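K.L.:
Provided herewith is a single structure, encoded as structure tokens, for subsequent inquiry.
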Amino acid sequence: MNIIDIIEKKRDKKTLTKEEINYFIENYTNGKIADYQASALLMAIFLNGMDDEETTNLALAMAKSGEILDLSKINGIIVDKHSTGGVGDKVSLILLPLVASCGVPVAKMSGRGLGFTGGTVDKLESIPGYNTKIDMNTFMQNVEKIGISMISQTLNLAPADKKIYALRDSISCVESIPLIASSIMSKKIASGADKIVLDVTVGSGAFMKTKEKARKLAKQMIEIGKLANRETVCVLTNMDEPLGYAVGNSLEVIEAIEFLNGNIIEDVKEVVLELGANMLKLAGIGEDIEQNKELLMKNIKNGKAFEKFKELVQMQGGDITYLEDVEKFQKAKYIEYVYSEEKGYIRKIDAKEIGKIVCELGAGRIEKEDEIDYSVGLILRKKVSDKVAKGEEIAYIYANDTEKLGIAKQKLLKNIKISEEKVEKPKIVLGKEQ
Ligand code: URA
């Protein structure tokens with residue numbers, strides 16, 4: 001067997017066998033297959049697709065490329081959560097301490113930003129001192145001690161995904177159902193959770209642009225979950241406009257802290273409660289989704305969720321004085337308003353373009369090795385359907401460079417569309433697959 005034959009087969013739209021997929025994953029992970037050959041194969045998969053069996057084989061091969069975590073020592077049903085990616089998506093920062101505060105153990109391995117989307121690890125690292133790279137024993141001990149740990153993909157879990165994920169990002173091969181399904185499910189299987197809740201985002205700021213494609217991705221991941229004996233539930237959520245108001249690492253952490261302190265934002269709340277209620281159900285806390293939502297709201301209002309977030313940050317070396325006083329987060333040098341040039345109702349805030357603007361300000365990586373600037377980003381002052389007057393503020397931009405600030409302002413105005421007619425509030429939770 002050799003990689004050239006495998007590339008040729010996929011290039012010619014043929015089906016890869018389990019052995020061929022295993023050969024690729026094993027030899028790419030151990031460095032025997034070069035990046036340029038892996039790139040060619042990934043592009044062929046991107047263009048020609050994979051059937052269900054190939055995708056499952058790919059996910060399982062990637063899961064087995066490293067260790068499979070054994071979390072059986074931890075009491076309780078471990079329910080993991082993952083999102084297919086979004087803009088302004090600070091859900092994990094809120095949801096995971098929240099469900100942990102309800103007694104569900106959380107052992108979470110998160111990702112960094114990918115393409116125009118943000119990543120939870122980058123956001124957590126914007127809290128000074130927070131260490132996402134702890135070893136496996138400490139990770140497990142933290143879950144046992146305080147019921148939650150959130151780390152990056154540093155453990156030797158699904159190393160094939162780590163390499164492939166970074167490569168896909170640099171060759172524009174992200175938005176592919178088999179590649180996303182295998183990437184996510186390989187990590188979830190390797191990280192040892194008993195059950196899985198997935199946030200499958202749909203719209204401009206998501207990798208799946210339509211509900212049909214999102215549903216297909218969801219079904220594919222549920223199938224992989226079944227074969228790996230991991231019950232999986234997918235919630236489809238709207239990602240046409242950014243989630244919440246803040247986009248950018250520390251700005252999103254601040255929004256999450258404020259949310260946990262009772263400053264509830266409607267669209268974030270809907271996603272958090274829907275995912276959380278399903279996590280509680282899978283964990284055996286309660287069968288009734290609406291009652292589970294009430295329990296979650298109670299733990300936000302009584303401060304238990306915020307306390308759990310503080311415990312998590314402290315346990316991982318973070319400075320919790322930043323959580324107690326968000327003014328301590330380093331501010332960008334320039335904070336400027338953007339004013340509306342028209343009056344009417346906000347019709348569209350293009351999440352993908354907003355993600356790109358924030359990435360170009362320095363909040364994300366254009367090259368794999370780029371350093372992140374945690375302080376930059378933007379805060380929207382309006383959401384889709386809101387009324388706006390001419391000259392009214394529609395956003396603040398946080399920048400550390402005047403040239404980038406100017407470009408961001410222009411692009412932002414182009415990507416917020418206003419109409420004269422009233423606009424309906426978009427639906428946030430779009431469906432569920434299980
Ligand atoms: N999130 C992942 O973990 N992998 C992808 O491919 C896309 C989003």
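Chain labels A, B, ... are given in the sequence in which chains occur in the structure tokens; within each chain residues are numbered consecutively from 1, and ligands are likewise numbered from 1 in the order shown.
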Please return, as a PyMOL selection string, all residues of segment 39-93 of chain A that DSSP assigns to alpha helix (DSSP H) on the basis of the backbone.

P.N.:
chain A and resi 39-48+52-63+91-93

K.L.:
Quick one: everything within 10 Å of Ala408 of chain A, counting only C-alpha atoms, minus sequence neighbours fewer than 3 positions away in the same chain. Send it as a tab-separated table (two decimals) with N, CA, C and O atoms, in the first residue's frame.

P.N.:
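Writing the result to part-v8.tsv gives the following:
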```
chain	number	residue	atom	x	y	z
A	338	VAL	N	-18.50	52.69	15.89
A	338	VAL	CA	-18.88	52.73	14.48
A	338	VAL	C	-20.34	53.18	14.48
A	338	VAL	O	-21.16	52.65	15.24
A	354	ILE	N	-17.78	39.12	10.06
A	354	ILE	CA	-17.40	39.68	11.37
A	354	ILE	C	-16.24	38.85	11.94
A	354	ILE	O	-15.26	39.38	12.47
A	356	LYS	N	-14.04	37.27	10.27
A	356	LYS	CA	-12.81	37.59	9.52
A	356	LYS	C	-12.24	38.94	9.95
A	356	LYS	O	-11.03	39.11	10.08
A	357	ILE	N	-13.14	39.90	10.17
A	357	ILE	CA	-12.69	41.25	10.60
A	357	ILE	C	-11.92	41.13	11.93
A	357	ILE	O	-10.83	41.68	12.10
A	358	VAL	N	-12.50	40.37	12.85
A	358	VAL	CA	-11.90	40.23	14.18
A	358	VAL	C	-10.56	39.45	14.08
A	358	VAL	O	-9.58	39.77	14.75
A	360	GLU	N	-8.59	39.50	11.49
A	360	GLU	CA	-7.60	40.43	10.92
A	360	GLU	C	-7.14	41.48	11.93
A	360	GLU	O	-6.03	42.00	11.84
A	361	LEU	N	-7.98	41.76	12.91
A	361	LEU	CA	-7.54	42.69	13.97
A	361	LEU	C	-6.48	42.03	14.85
A	361	LEU	O	-5.79	42.70	15.61
A	377	GLY	N	-11.00	43.03	19.12
A	377	GLY	CA	-12.27	42.44	18.72
A	377	GLY	C	-13.31	43.52	18.55
A	377	GLY	O	-12.97	44.67	18.29
A	378	LEU	N	-14.55	43.15	18.69
A	378	LEU	CA	-15.58	44.18	18.62
A	378	LEU	C	-16.77	43.81	19.50
A	378	LEU	O	-16.96	42.64	19.86
A	397	ILE	N	-15.15	49.06	18.15
A	397	ILE	CA	-14.05	48.21	17.70
A	397	ILE	C	-12.88	48.38	18.66
A	397	ILE	O	-12.56	49.50	19.06
A	398	TYR	N	-12.27	47.29	19.03
A	398	TYR	CA	-11.11	47.29	19.93
A	398	TYR	C	-9.89	46.89	19.09
A	398	TYR	O	-9.84	45.76	18.59
A	399	ALA	N	-8.94	47.81	18.90
A	399	ALA	CA	-7.80	47.53	18.04
A	399	ALA	C	-6.51	48.02	18.68
A	399	ALA	O	-6.52	48.90	19.54
A	402	THR	N	-3.82	51.40	14.20
A	402	THR	CA	-4.79	52.33	13.59
A	402	THR	C	-5.18	51.93	12.17
A	402	THR	O	-6.32	52.12	11.76
A	403	GLU	N	-4.21	51.35	11.45
A	403	GLU	CA	-4.54	50.96	10.07
A	403	GLU	C	-5.59	49.83	10.08
A	403	GLU	O	-6.59	49.88	9.36
A	404	LYS	N	-5.34	48.85	10.94
A	404	LYS	CA	-6.29	47.73	11.04
A	404	LYS	C	-7.65	48.23	11.52
A	404	LYS	O	-8.69	47.74	11.09
A	405	LEU	N	-7.62	49.20	12.42
A	405	LEU	CA	-8.87	49.77	12.94
A	405	LEU	C	-9.69	50.38	11.80
A	405	LEU	O	-10.90	50.14	11.67
A	411	LYS	N	-15.09	47.67	6.79
A	411	LYS	CA	-15.65	46.34	6.49
A	411	LYS	C	-16.90	46.08	7.34
A	411	LYS	O	-17.84	45.47	6.87
A	412	LEU	N	-16.87	46.56	8.56
A	412	LEU	CA	-18.00	46.31	9.45
A	412	LEU	C	-19.26	46.97	8.88
A	412	LEU	O	-20.33	46.35	8.79
A	413	LEU	N	-19.11	48.22	8.45
A	413	LEU	CA	-20.27	48.93	7.91
A	413	LEU	C	-20.84	48.23	6.68
A	413	LEU	O	-22.05	48.16	6.49
A	414	LYS	N	-19.93	47.65	5.88
A	414	LYS	CA	-20.38	46.94	4.67
A	414	LYS	C	-21.14	45.67	5.02
A	414	LYS	O	-21.97	45.20	4.25
```

K.L.:
If you count only C-alpha atoms and all ligand atoms, which residues end up within 7 Å of ligand 1, as a ChimeraX atom specification?

P.N.:
/A:83-85,111,165,174,179-181,183-184

K.L.:
Under the rule that only C-alpha atoms are counted, which of A:Glu8, A:Glu287, A:Asp373, A:Asp240 is the nearest residue to Ala40 of chain A?

P.N.:
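Answer, going by the shortest atom-to-atom distance: A:Glu8.
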
K.L.:
Report the residues of segment 74-158 of chain A whose backbone DSSP state falls under strand (DSSP E or B), written as an MDAnalysis selection string.

P.N.:
chainID A and resid 79:83 106:109 114 117 148:151 157

K.L.:
From the options A:Ile127, A:Val106, A:Ile394, A:Leu198, which residue's atoms come nearest to Met140 of chain A, counting only C-alpha atoms?

P.N.:
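Among the listed residues, A:Val106 lies closest to Met140 of chain A.
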
K.L.:
Could the residues of segment 119-172 of chain A that have an atom at most 12 Å from segment 52-59 of chain A be listed as a tab-separated table, each with its closest atom pair and the distance in Å to one decimal, counting only C-alpha atoms and ordered by chain and ascending residue number?

P.N.:
```
residue	atom	partner	partner_atom	distance
A:Ala158	CA	A:Ala59	CA	9.5
A:Ala160	CA	A:Ala59	CA	9.9
A:Asp161	CA	A:Ala59	CA	9.0
A:Ile164	CA	A:Leu58	CA	11.6
```

K.L.:
One decimal, Å: what's the distance from atom CA of Val429 of chain A over to atom CA of Leu280 of chain A, could you say?

P.N.:
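Between these atoms lies a distance of 17.5 Å.
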
K.L.:
Just give me the gap between atom CA of Glu421 of chain A and atom CA of Gly344 of chain A in Å, one decimal is fine.

P.N.:
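If I compute the distance from atom CA of Glu421 of chain A to atom CA of Gly344 of chain A, I get 7.0 Å.
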
K.L.:
Could you make a table, as a Markdown table, of the residues of segment 73-183 of chain A that have an atom within 8 Å of an atom of segment 316-326 of chain A, each with its nearest atom pair and distance in Å to one decimal, counting only C-alpha atoms, in chain and number order?

P.N.:
```
| residue | atom | partner | partner_atom | distance |
| --- | --- | --- | --- | --- |
| A:Ile127 | CA | A:Gly318 | CA | 6.2 |
| A:Pro128 | CA | A:Gly318 | CA | 5.7 |
| A:Gly129 | CA | A:Gly318 | CA | 4.2 |
| A:Tyr130 | CA | A:Gly318 | CA | 3.9 |
| A:Asn131 | CA | A:Gln316 | CA | 5.4 |
| A:Thr132 | CA | A:Gln316 | CA | 7.4 |
| A:Ile134 | CA | A:Gln316 | CA | 7.9 |
| A:Ser149 | CA | A:Gln316 | CA | 8.0 |
```

K.L.:
I need the chosen residues saved as a PDB file, in the first residue's frame, with N, CA and C atoms.

P.N.:
```
ATOM      1  N   ILE A 127      -7.295  34.568  30.040  1.00  0.00           N
ATOM      2  CA  ILE A 127      -7.326  34.822  31.494  1.00  0.00           C
ATOM      3  C   ILE A 127      -5.899  34.589  32.001  1.00  0.00           C
ATOM      4  N   PRO A 128      -5.223  35.638  32.490  1.00  0.00           N
ATOM      5  CA  PRO A 128      -3.821  35.475  32.872  1.00  0.00           C
ATOM      6  C   PRO A 128      -3.605  34.285  33.808  1.00  0.00           C
ATOM      7  N   GLY A 129      -2.626  33.453  33.459  1.00  0.00           N
ATOM      8  CA  GLY A 129      -2.246  32.315  34.299  1.00  0.00           C
ATOM      9  C   GLY A 129      -2.970  31.024  33.950  1.00  0.00           C
ATOM     10  N   TYR A 130      -4.101  31.096  33.276  1.00  0.00           N
ATOM     11  CA  TYR A 130      -4.884  29.867  33.014  1.00  0.00           C
ATOM     12  C   TYR A 130      -4.054  28.911  32.154  1.00  0.00           C
ATOM     13  N   ASN A 131      -3.859  27.707  32.677  1.00  0.00           N
ATOM     14  CA  ASN A 131      -3.029  26.739  31.974  1.00  0.00           C
ATOM     15  C   ASN A 131      -3.915  25.681  31.315  1.00  0.00           C
ATOM     16  N   THR A 132      -3.917  25.689  29.981  1.00  0.00           N
ATOM     17  CA  THR A 132      -4.743  24.700  29.261  1.00  0.00           C
ATOM     18  C   THR A 132      -3.945  23.432  28.973  1.00  0.00           C
ATOM     19  N   ILE A 134      -2.313  21.123  31.024  1.00  0.00           N
ATOM     20  CA  ILE A 134      -1.958  20.297  32.177  1.00  0.00           C
ATOM     21  C   ILE A 134      -1.877  18.824  31.763  1.00  0.00           C
ATOM     22  N   SER A 149     -12.794  20.164  34.445  1.00  0.00           N
ATOM     23  CA  SER A 149     -11.506  20.635  33.951  1.00  0.00           C
ATOM     24  C   SER A 149     -11.674  20.924  32.462  1.00  0.00           C
TER      25      SER A 149
END
```

K.L.:
Under the rule that only C-alpha atoms are counted, which of A:Ser250, A:Lys293, A:Arg347, A:Ile366 is the nearest residue to Ser385 of chain A?

P.N.:
A:Arg347

K.L.:
I'd like to know which of A:Gly115, A:Gly355, A:Gly31, A:Gly391 is closest to Glu341 of chain A, using only C-alpha atoms.

P.N.:
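Of all the options, A:Gly391 lies closest to Glu341 of chain A.
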
K.L.:
Taking only C-alpha atoms into account, which of A:Lys281, A:Arg215, A:Lys390, A:Lys427 comes nearest Val99 of chain A?

P.N.:
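Nearest to Val99 of chain A: A:Lys281.
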
K.L.:
Which one of A:Ala256, A:Leu95, A:Asn156, A:Tyr339 sits closest to Gln410 of chain A if you count only C-alpha atoms?

P.N.:
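When distances to Gln410 of chain A are compared using only C-alpha atoms, the smallest one comes from A:Tyr339.
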
K.L.:
Residues within 10 Å of Met208 of chain A, please, as number ranges by chain. Count only C-alpha atoms; anything in the same chain fewer than 2 positions from it doesn't count.

P.N.:
A: 84-85, 175-177, 180, 200-206, 210-217, 239

K.L.:
Atom CA of Ile4 of chain A and atom CA of Ile21 of chain A, how far apart in Å?

P.N.:
12.9 Å
